[in-house]
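Pasting final17.txt here (compact mmCIF, C-alpha atoms):
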# COMPACT_ATOMS: atom_id res chain seq x y z
CA MET H 14 -43.69 -24.74 -146.36
CA LYS H 15 -47.22 -23.69 -146.19
CA ARG H 16 -49.64 -25.11 -148.60
CA ILE H 17 -52.05 -22.80 -150.19
CA ALA H 18 -55.34 -24.40 -150.80
CA LEU H 19 -56.53 -24.13 -154.29
CA VAL H 20 -59.49 -21.92 -154.53
CA LYS H 21 -62.20 -23.95 -156.11
CA LYS H 22 -64.31 -22.15 -158.59
CA GLN H 23 -67.86 -22.43 -157.44
CA ASP H 24 -70.56 -23.21 -159.91
CA THR H 25 -73.37 -20.79 -159.26
CA GLU H 26 -76.77 -21.83 -160.47
CA ILE H 27 -80.22 -20.47 -159.91
CA PRO H 28 -82.69 -23.29 -159.39
CA THR H 29 -85.27 -22.85 -162.12
CA ALA H 30 -87.17 -26.08 -161.74
CA SER H 31 -90.02 -24.46 -159.81
CA THR H 32 -90.51 -21.28 -161.88
CA ALA H 33 -93.14 -23.00 -163.97
CA ASP H 34 -95.07 -23.96 -160.86
CA ILE H 35 -94.96 -20.40 -159.56
CA ALA H 36 -96.05 -19.11 -162.94
CA PHE H 37 -98.98 -21.50 -163.13
CA LEU H 38 -100.02 -20.47 -159.64
CA LEU H 39 -100.11 -16.87 -160.78
CA ILE H 40 -102.07 -17.89 -163.88
CA ILE H 41 -104.69 -19.56 -161.74
CA PHE H 42 -104.97 -16.39 -159.65
CA PHE H 43 -105.42 -14.18 -162.69
CA MET H 44 -107.85 -16.58 -164.33
CA LEU H 45 -110.05 -16.58 -161.25
CA THR H 46 -110.00 -12.84 -160.78
CA THR H 47 -110.47 -11.80 -164.40
CA VAL H 48 -113.86 -10.67 -165.54
CA PHE H 49 -113.90 -9.99 -169.22
CA ARG H 50 -115.53 -6.81 -170.34
CA SER H 51 -118.93 -7.86 -171.58
CA GLU H 52 -120.37 -4.62 -172.89
CA PHE H 53 -119.09 -1.49 -174.56
CA GLY H 54 -121.75 0.90 -173.30
CA LEU H 55 -122.27 4.40 -174.53
CA LYS H 56 -119.66 7.10 -174.81
CA ILE H 57 -119.90 9.12 -171.63
CA THR H 58 -117.84 11.31 -169.34
CA LEU H 59 -118.53 10.52 -165.72
CA PRO H 60 -118.95 13.27 -163.17
CA THR H 61 -116.41 13.53 -160.35
CA ALA H 62 -117.12 13.25 -156.64
CA GLU H 63 -114.92 13.31 -153.56
CA ALA H 64 -117.03 10.79 -151.65
CA THR H 65 -116.60 8.11 -154.34
CA GLU H 66 -116.53 4.57 -152.94
CA ARG H 67 -115.42 1.35 -154.55
CA ILE H 68 -117.83 -1.53 -155.08
CA MET H 69 -116.04 -4.68 -154.03
CA LYS H 70 -118.33 -7.32 -155.51
CA ARG H 71 -117.91 -6.93 -159.23
CA ARG H 72 -120.04 -9.93 -160.09
CA ASN H 73 -123.10 -8.36 -158.47
CA VAL H 74 -123.11 -5.37 -160.76
CA ALA H 75 -125.22 -4.37 -163.75
CA HIS H 76 -124.86 -1.15 -165.67
CA VAL H 77 -127.40 1.29 -167.02
CA TRP H 78 -125.88 3.74 -169.45
CA LEU H 79 -127.24 7.22 -170.08
CA ASP H 80 -125.58 9.50 -172.57
CA LYS H 81 -125.65 13.20 -173.34
CA ALA H 82 -128.31 12.76 -176.03
CA GLY H 83 -130.65 11.12 -173.52
CA ARG H 84 -130.29 7.57 -174.80
CA THR H 85 -130.48 4.68 -172.35
CA SER H 86 -128.67 1.39 -172.80
CA ILE H 87 -128.37 -1.91 -170.96
CA ASN H 88 -126.17 -4.73 -172.33
CA ASP H 89 -125.48 -2.64 -175.44
CA ASN H 90 -129.15 -2.41 -176.39
CA LEU H 91 -130.74 1.00 -176.68
CA LEU H 92 -133.92 0.96 -174.61
CA ASP H 93 -136.85 3.08 -173.62
CA ILE H 94 -138.05 3.37 -170.03
CA PRO H 95 -140.67 0.54 -170.09
CA SER H 96 -138.10 -1.97 -171.35
CA VAL H 97 -135.65 -0.79 -168.66
CA ILE H 98 -138.27 -1.88 -166.11
CA SER H 99 -138.68 -5.36 -167.59
CA ILE H 100 -134.95 -5.96 -168.06
CA ALA H 101 -134.14 -4.73 -164.56
CA ARG H 102 -136.86 -6.99 -163.18
CA ASP H 103 -135.33 -10.01 -164.98
CA LYS H 104 -131.89 -9.17 -163.65
CA ILE H 105 -133.14 -8.73 -160.10
CA SER H 106 -134.98 -12.04 -160.14
CA ASP H 107 -131.76 -13.73 -161.31
CA ASN H 108 -129.69 -12.09 -158.59
CA PRO H 109 -131.50 -10.29 -155.75
CA ASP H 110 -128.25 -8.75 -154.48
CA LEU H 111 -127.63 -6.96 -157.76
CA ILE H 112 -126.33 -3.42 -157.58
CA MET H 113 -127.46 -1.27 -160.50
CA VAL H 114 -124.78 1.19 -161.51
CA VAL H 115 -126.13 4.27 -163.23
CA ARG H 116 -123.44 5.49 -165.58
CA ALA H 117 -124.74 8.82 -166.77
CA ASP H 118 -122.92 11.55 -168.66
CA LYS H 119 -122.25 14.61 -166.55
CA GLU H 120 -123.82 16.83 -169.19
CA SER H 121 -127.08 14.89 -169.36
CA GLU H 122 -130.31 16.27 -167.95
CA TYR H 123 -131.43 15.10 -164.52
CA GLY H 124 -134.92 14.31 -165.81
CA ARG H 125 -133.62 11.25 -167.71
CA VAL H 126 -131.76 10.02 -164.64
CA ASN H 127 -134.92 10.53 -162.61
CA ASP H 128 -136.93 8.45 -165.11
CA VAL H 129 -134.38 5.62 -164.92
CA LEU H 130 -134.43 5.74 -161.11
CA GLU H 131 -138.22 5.53 -161.14
CA ALA H 132 -138.04 2.59 -163.55
CA LEU H 133 -135.55 0.78 -161.30
CA LYS H 134 -137.75 1.46 -158.29
CA GLU H 135 -140.66 -0.02 -160.25
CA ALA H 136 -138.53 -3.12 -160.93
CA SER H 137 -137.57 -3.21 -157.23
CA ALA H 138 -133.91 -2.80 -158.10
CA LEU H 139 -133.22 -0.71 -155.05
CA LYS H 140 -129.45 -0.83 -154.64
CA ILE H 141 -128.21 1.97 -156.83
CA THR H 142 -124.81 3.47 -157.35
CA PHE H 143 -124.17 6.61 -159.34
CA ALA H 144 -120.91 5.94 -161.15
CA THR H 145 -118.41 8.72 -160.55
CA GLU H 146 -114.70 9.31 -160.84
CA PHE H 147 -112.49 10.16 -157.89
CA GLU H 148 -112.01 13.86 -157.40
CA TYR H 149 -108.80 14.98 -155.77
CA LYS H 150 -108.51 18.31 -154.06
CA MET E 29 -73.47 -64.44 -184.34
CA LYS E 30 -73.77 -61.24 -182.54
CA LEU E 31 -77.16 -59.79 -181.94
CA ARG E 32 -77.44 -56.08 -181.72
CA GLN E 33 -78.61 -55.12 -178.35
CA THR E 34 -81.78 -53.08 -178.43
CA GLU E 35 -81.03 -49.81 -176.83
CA GLN E 36 -83.59 -48.64 -174.38
CA LYS E 37 -84.72 -45.19 -175.36
CA LYS E 38 -85.12 -42.68 -172.60
CA THR E 39 -88.20 -40.56 -173.25
CA LYS E 40 -88.18 -37.07 -171.80
CA ILE E 41 -90.54 -34.22 -172.17
CA PRO E 42 -88.62 -30.99 -172.42
CA THR E 43 -89.84 -28.79 -169.62
CA ALA E 44 -87.33 -26.01 -169.84
CA SER E 45 -89.69 -23.71 -171.74
CA MET E 46 -92.73 -24.45 -169.61
CA GLY E 47 -92.04 -21.46 -167.40
CA ASP E 48 -91.81 -19.20 -170.40
CA ILE E 49 -95.15 -20.39 -171.75
CA ALA E 50 -96.73 -19.95 -168.34
CA PHE E 51 -95.41 -16.42 -167.99
CA LEU E 52 -96.73 -15.60 -171.45
CA ILE E 53 -100.20 -16.64 -170.36
CA ILE E 54 -99.78 -14.58 -167.18
CA ILE E 55 -99.00 -11.51 -169.21
CA PHE E 56 -102.14 -12.12 -171.28
CA PHE E 57 -104.35 -12.36 -168.20
CA MET E 58 -102.71 -9.37 -166.56
CA THR E 59 -103.29 -7.15 -169.54
CA THR E 60 -106.87 -8.25 -170.11
CA SER E 61 -108.04 -8.20 -166.50
CA ILE E 62 -109.82 -5.12 -165.29
CA PHE E 63 -109.28 -4.34 -161.66
CA SER E 64 -112.32 -3.06 -159.83
CA ARG E 65 -113.25 -0.08 -161.92
CA GLU E 66 -116.60 -0.01 -160.22
CA LYS E 67 -116.86 3.04 -158.08
CA GLY E 68 -119.46 5.62 -157.31
CA LEU E 69 -121.91 7.04 -154.83
CA LYS E 70 -124.21 4.51 -153.23
CA ILE E 71 -127.86 5.03 -152.43
CA VAL E 72 -130.65 2.63 -151.56
CA LEU E 73 -134.01 3.56 -153.04
CA PRO E 74 -137.21 3.16 -151.05
CA GLU E 75 -139.46 0.30 -152.06
CA LYS E 76 -142.40 1.27 -154.17
CA GLY E 77 -145.46 1.93 -152.04
CA SER E 78 -143.49 2.19 -148.80
CA GLU E 79 -143.70 5.94 -148.55
CA VAL E 80 -143.52 7.09 -144.97
CA LYS E 81 -144.80 10.36 -143.69
CA ILE E 82 -142.10 12.51 -142.19
CA LYS E 83 -142.81 15.52 -140.05
CA SER E 84 -142.19 18.67 -142.00
CA GLU E 85 -139.79 20.01 -139.38
CA ASN E 86 -137.60 16.96 -139.97
CA ILE E 87 -137.20 17.65 -143.66
CA LEU E 88 -134.57 19.86 -145.17
CA THR E 89 -135.29 20.46 -148.83
CA ILE E 90 -132.41 21.21 -151.13
CA ALA E 91 -133.57 22.31 -154.55
CA VAL E 92 -131.63 22.56 -157.78
CA ASN E 93 -133.21 24.78 -160.41
CA PRO E 94 -132.84 24.43 -164.22
CA GLN E 95 -129.95 26.91 -164.19
CA GLY E 96 -128.03 24.59 -161.89
CA GLU E 97 -128.30 26.88 -158.87
CA VAL E 98 -128.68 25.27 -155.45
CA LEU E 99 -131.30 26.57 -153.07
CA ILE E 100 -131.82 25.87 -149.37
CA LYS E 101 -134.91 27.50 -147.84
CA ASP E 102 -135.28 29.71 -150.93
CA LYS E 103 -131.76 31.06 -150.59
CA ILE E 104 -129.16 30.46 -153.25
CA VAL E 105 -126.04 28.81 -151.85
CA THR E 106 -122.86 27.63 -153.53
CA VAL E 107 -122.02 23.94 -153.63
CA PRO E 108 -118.90 24.13 -151.36
CA GLU E 109 -120.98 25.89 -148.66
CA LEU E 110 -123.48 23.02 -148.58
CA LYS E 111 -121.34 20.66 -146.52
CA ASP E 112 -121.10 23.03 -143.55
CA ILE E 113 -124.77 24.03 -143.74
CA VAL E 114 -125.89 20.40 -143.76
CA LYS E 115 -123.46 19.54 -140.96
CA THR E 116 -124.82 22.28 -138.67
CA GLU E 117 -128.41 21.34 -139.53
CA LEU E 118 -127.68 17.69 -138.74
CA ALA E 119 -126.03 18.66 -135.46
CA THR E 120 -129.17 20.49 -134.32
CA ASN E 121 -131.53 17.76 -135.53
CA PRO E 122 -130.07 14.25 -135.99
CA ASP E 123 -133.37 12.92 -137.39
CA LEU E 124 -133.20 15.27 -140.32
CA VAL E 125 -134.09 13.83 -143.70
CA ILE E 126 -132.60 15.64 -146.63
CA ALA E 127 -134.88 15.84 -149.61
CA LEU E 128 -133.10 16.56 -152.84
CA ARG E 129 -135.43 18.06 -155.40
CA VAL E 130 -133.71 18.48 -158.73
CA SER E 131 -135.34 20.07 -161.75
CA ARG E 132 -135.74 17.84 -164.80
CA THR E 133 -133.66 20.16 -166.95
CA ALA E 134 -130.91 20.70 -164.39
CA PRO E 135 -127.55 19.20 -165.33
CA TYR E 136 -126.80 15.79 -163.78
CA LYS E 137 -123.37 17.06 -162.77
CA THR E 138 -124.88 19.59 -160.34
CA MET E 139 -127.01 16.87 -158.78
CA ILE E 140 -123.92 14.70 -158.26
CA ASP E 141 -122.00 17.67 -156.80
CA VAL E 142 -124.79 18.27 -154.29
CA PHE E 143 -125.09 14.57 -153.52
CA ASP E 144 -121.33 14.42 -152.99
CA GLU E 145 -121.49 17.27 -150.47
CA LEU E 146 -124.30 15.48 -148.60
CA LYS E 147 -122.18 12.32 -148.46
CA LEU E 148 -119.21 14.31 -147.21
CA ALA E 149 -121.42 15.89 -144.53
CA LYS E 150 -122.17 12.29 -143.40
CA ALA E 151 -125.89 12.69 -144.11
CA GLU E 152 -127.41 9.21 -143.84
CA LYS E 153 -131.01 9.92 -144.77
CA ILE E 154 -131.14 11.31 -148.26
CA SER E 155 -134.26 11.23 -150.34
CA LEU E 156 -134.38 11.95 -154.05
CA VAL E 157 -137.68 13.59 -154.81
CA PRO E 158 -139.09 12.21 -158.05
CA VAL E 159 -139.94 14.95 -160.51
CA LYS E 160 -142.73 14.44 -163.00
CA GLU E 161 -142.72 15.69 -166.55
CA GLY E 162 -143.72 19.34 -166.66
CA SER E 163 -143.13 20.13 -163.00

What do you get writing this file as structure tokens?
Amino acid sequence: MKRIALVKKQDTEIPTASTADIAFLLIIFFMLTTVFRSEFGLKITLPTAEATERIMKRRNVAHVWLDKAGRTSINDNLLDIPSVISIARDKISDNPDLIMVVRADKESEYGRVNDVLEALKEASALKITFATEFEYK
Amino acid sequence: MKLRQTEQKKTKIPTASMGDIAFLIIIFFMTTSIFSREKGLKIVLPEKGSEVKIKSENILTIAVNPQGEVLIKDKIVTVPELKDIVKTELATNPDLVIALRVSRTAPYKTMIDVFDELKLAKAEKISLVPVKEGS
């Protein structure tokens, strides 16, 4: 007579001992990559452009905000053109590779943007980016 | 007399919930992190006092008037046409410098549209002409 082997019920278990390690690894990644939003800026709608490029180095970026009403702001302080020059000069001396991002409302007048550009030139902040949104065709 | 044997206590830190705590922190960092929102059109301004003279035949002036109309050589053109015009001009003269002269009261959006077309036409030398008050 044949003997039928008893089918043993297998105990399936997912090894969970290392999940915490994986999780902490991910935490470290996110902690290193996170930059907390440091300013609120002005309420603006950015213009759109097809040739929009990404700036990879986020830590080398400072914003100049320009809204519809013609107000200018850096670090959440409303400024006039002469103080834009002095602040931009301070920022450039702290970090010579700084890229100034001009975030201007699409409805604003070009004259204000021109004034800010002249001020940045005066402060020798020469790397400029006009902030735009991607435009899809 | 019987002495009660002191039982050795086994201390253990419960680690079962460590993963859960860690994942909670991950979720926090994921929701608060902002991934590279920085994007735009790049330009490098000339240093102050480093103005160079350019031969007038090497300059193509694109003007934007207060009404937001775009003019090349005193002719009104539409923004989508610009790319091809600039491309043909660049093909005939690779040293061409494009001077963008925008009126103070022109909308910023038009300037960006023109600038975008220049970028798409692969124009490398773009100059933004500063406009003084009243001009």

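Closest approach to chain E from the set H:Ile94, H:Ile35, H:Ile40, H:Leu55 is made by H:Ile40, with distances taken over all atoms listed in the file.
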
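With distances taken over all atoms listed in the file, H:Glu66 is the one residue among H:Asp110, H:Glu26, H:Glu66, H:Glu52 lying closest to chain E.
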
Contacts of segment 125-131 of chain H at 8 Å (all atoms listed in the file; same-chain gap of 5+ positions) as a PyMOL selection string: (chain H and resi 79+83+94+97+117) or (chain E and resi 132+136+158-159)

One-decimal distance in Å that lies between atom CA of Glu117 of chain E and atom CA of Ala149 of chain E: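 We find that atom CA of Ala149 of chain E and atom CA of Glu117 of chain E lie 10.2 Å from each other.
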
Can you work out which residues from chain E touch chain H at a cut-off of 9 Å (counting all atoms listed in the file) and hand them back as a compact mmCIF listing (two decimals) with C-alpha atoms, in the frame of the given file?
# COMPACT_ATOMS: atom_id res chain seq x y z
CA THR E 43 -89.84 -28.79 -169.62
CA ALA E 44 -87.33 -26.01 -169.84
CA SER E 45 -89.69 -23.71 -171.74
CA MET E 46 -92.73 -24.45 -169.61
CA GLY E 47 -92.04 -21.46 -167.40
CA ASP E 48 -91.81 -19.20 -170.40
CA ILE E 49 -95.15 -20.39 -171.75
CA ALA E 50 -96.73 -19.95 -168.34
CA PHE E 51 -95.41 -16.42 -167.99
CA ILE E 53 -100.20 -16.64 -170.36
CA ILE E 54 -99.78 -14.58 -167.18
CA ILE E 55 -99.00 -11.51 -169.21
CA PHE E 57 -104.35 -12.36 -168.20
CA MET E 58 -102.71 -9.37 -166.56
CA THR E 60 -106.87 -8.25 -170.11
CA SER E 61 -108.04 -8.20 -166.50
CA ILE E 62 -109.82 -5.12 -165.29
CA PHE E 63 -109.28 -4.34 -161.66
CA SER E 64 -112.32 -3.06 -159.83
CA ARG E 65 -113.25 -0.08 -161.92
CA GLU E 66 -116.60 -0.01 -160.22
CA LYS E 67 -116.86 3.04 -158.08
CA GLY E 68 -119.46 5.62 -157.31
CA LEU E 69 -121.91 7.04 -154.83
CA LYS E 70 -124.21 4.51 -153.23
CA ILE E 71 -127.86 5.03 -152.43
CA VAL E 72 -130.65 2.63 -151.56
CA LEU E 73 -134.01 3.56 -153.04
CA PRO E 74 -137.21 3.16 -151.05
CA GLU E 75 -139.46 0.30 -152.06
CA LYS E 76 -142.40 1.27 -154.17
CA VAL E 130 -133.71 18.48 -158.73
CA SER E 131 -135.34 20.07 -161.75
CA ARG E 132 -135.74 17.84 -164.80
CA THR E 133 -133.66 20.16 -166.95
CA ALA E 134 -130.91 20.70 -164.39
CA PRO E 135 -127.55 19.20 -165.33
CA TYR E 136 -126.80 15.79 -163.78
CA LYS E 137 -123.37 17.06 -162.77
CA THR E 138 -124.88 19.59 -160.34
CA MET E 139 -127.01 16.87 -158.78
CA ILE E 140 -123.92 14.70 -158.26
CA ASP E 141 -122.00 17.67 -156.80
CA PHE E 143 -125.09 14.57 -153.52
CA ASP E 144 -121.33 14.42 -152.99
CA GLU E 145 -121.49 17.27 -150.47
CA LYS E 147 -122.18 12.32 -148.46
CA LEU E 148 -119.21 14.31 -147.21
CA LEU E 156 -134.38 11.95 -154.05
CA VAL E 157 -137.68 13.59 -154.81
CA PRO E 158 -139.09 12.21 -158.05
CA VAL E 159 -139.94 14.95 -160.51
CA LYS E 160 -142.73 14.44 -163.00
CA GLU E 161 -142.72 15.69 -166.55

Between atom CA of Asn121 of chain E and atom CA of Gly96 of chain E, distance in Å (one decimal): 27.5 Å

Atom-to-atom span, atom CA of Gln95 of chain E and atom CA of Pro108 of chain E, Å: 17.2 Å
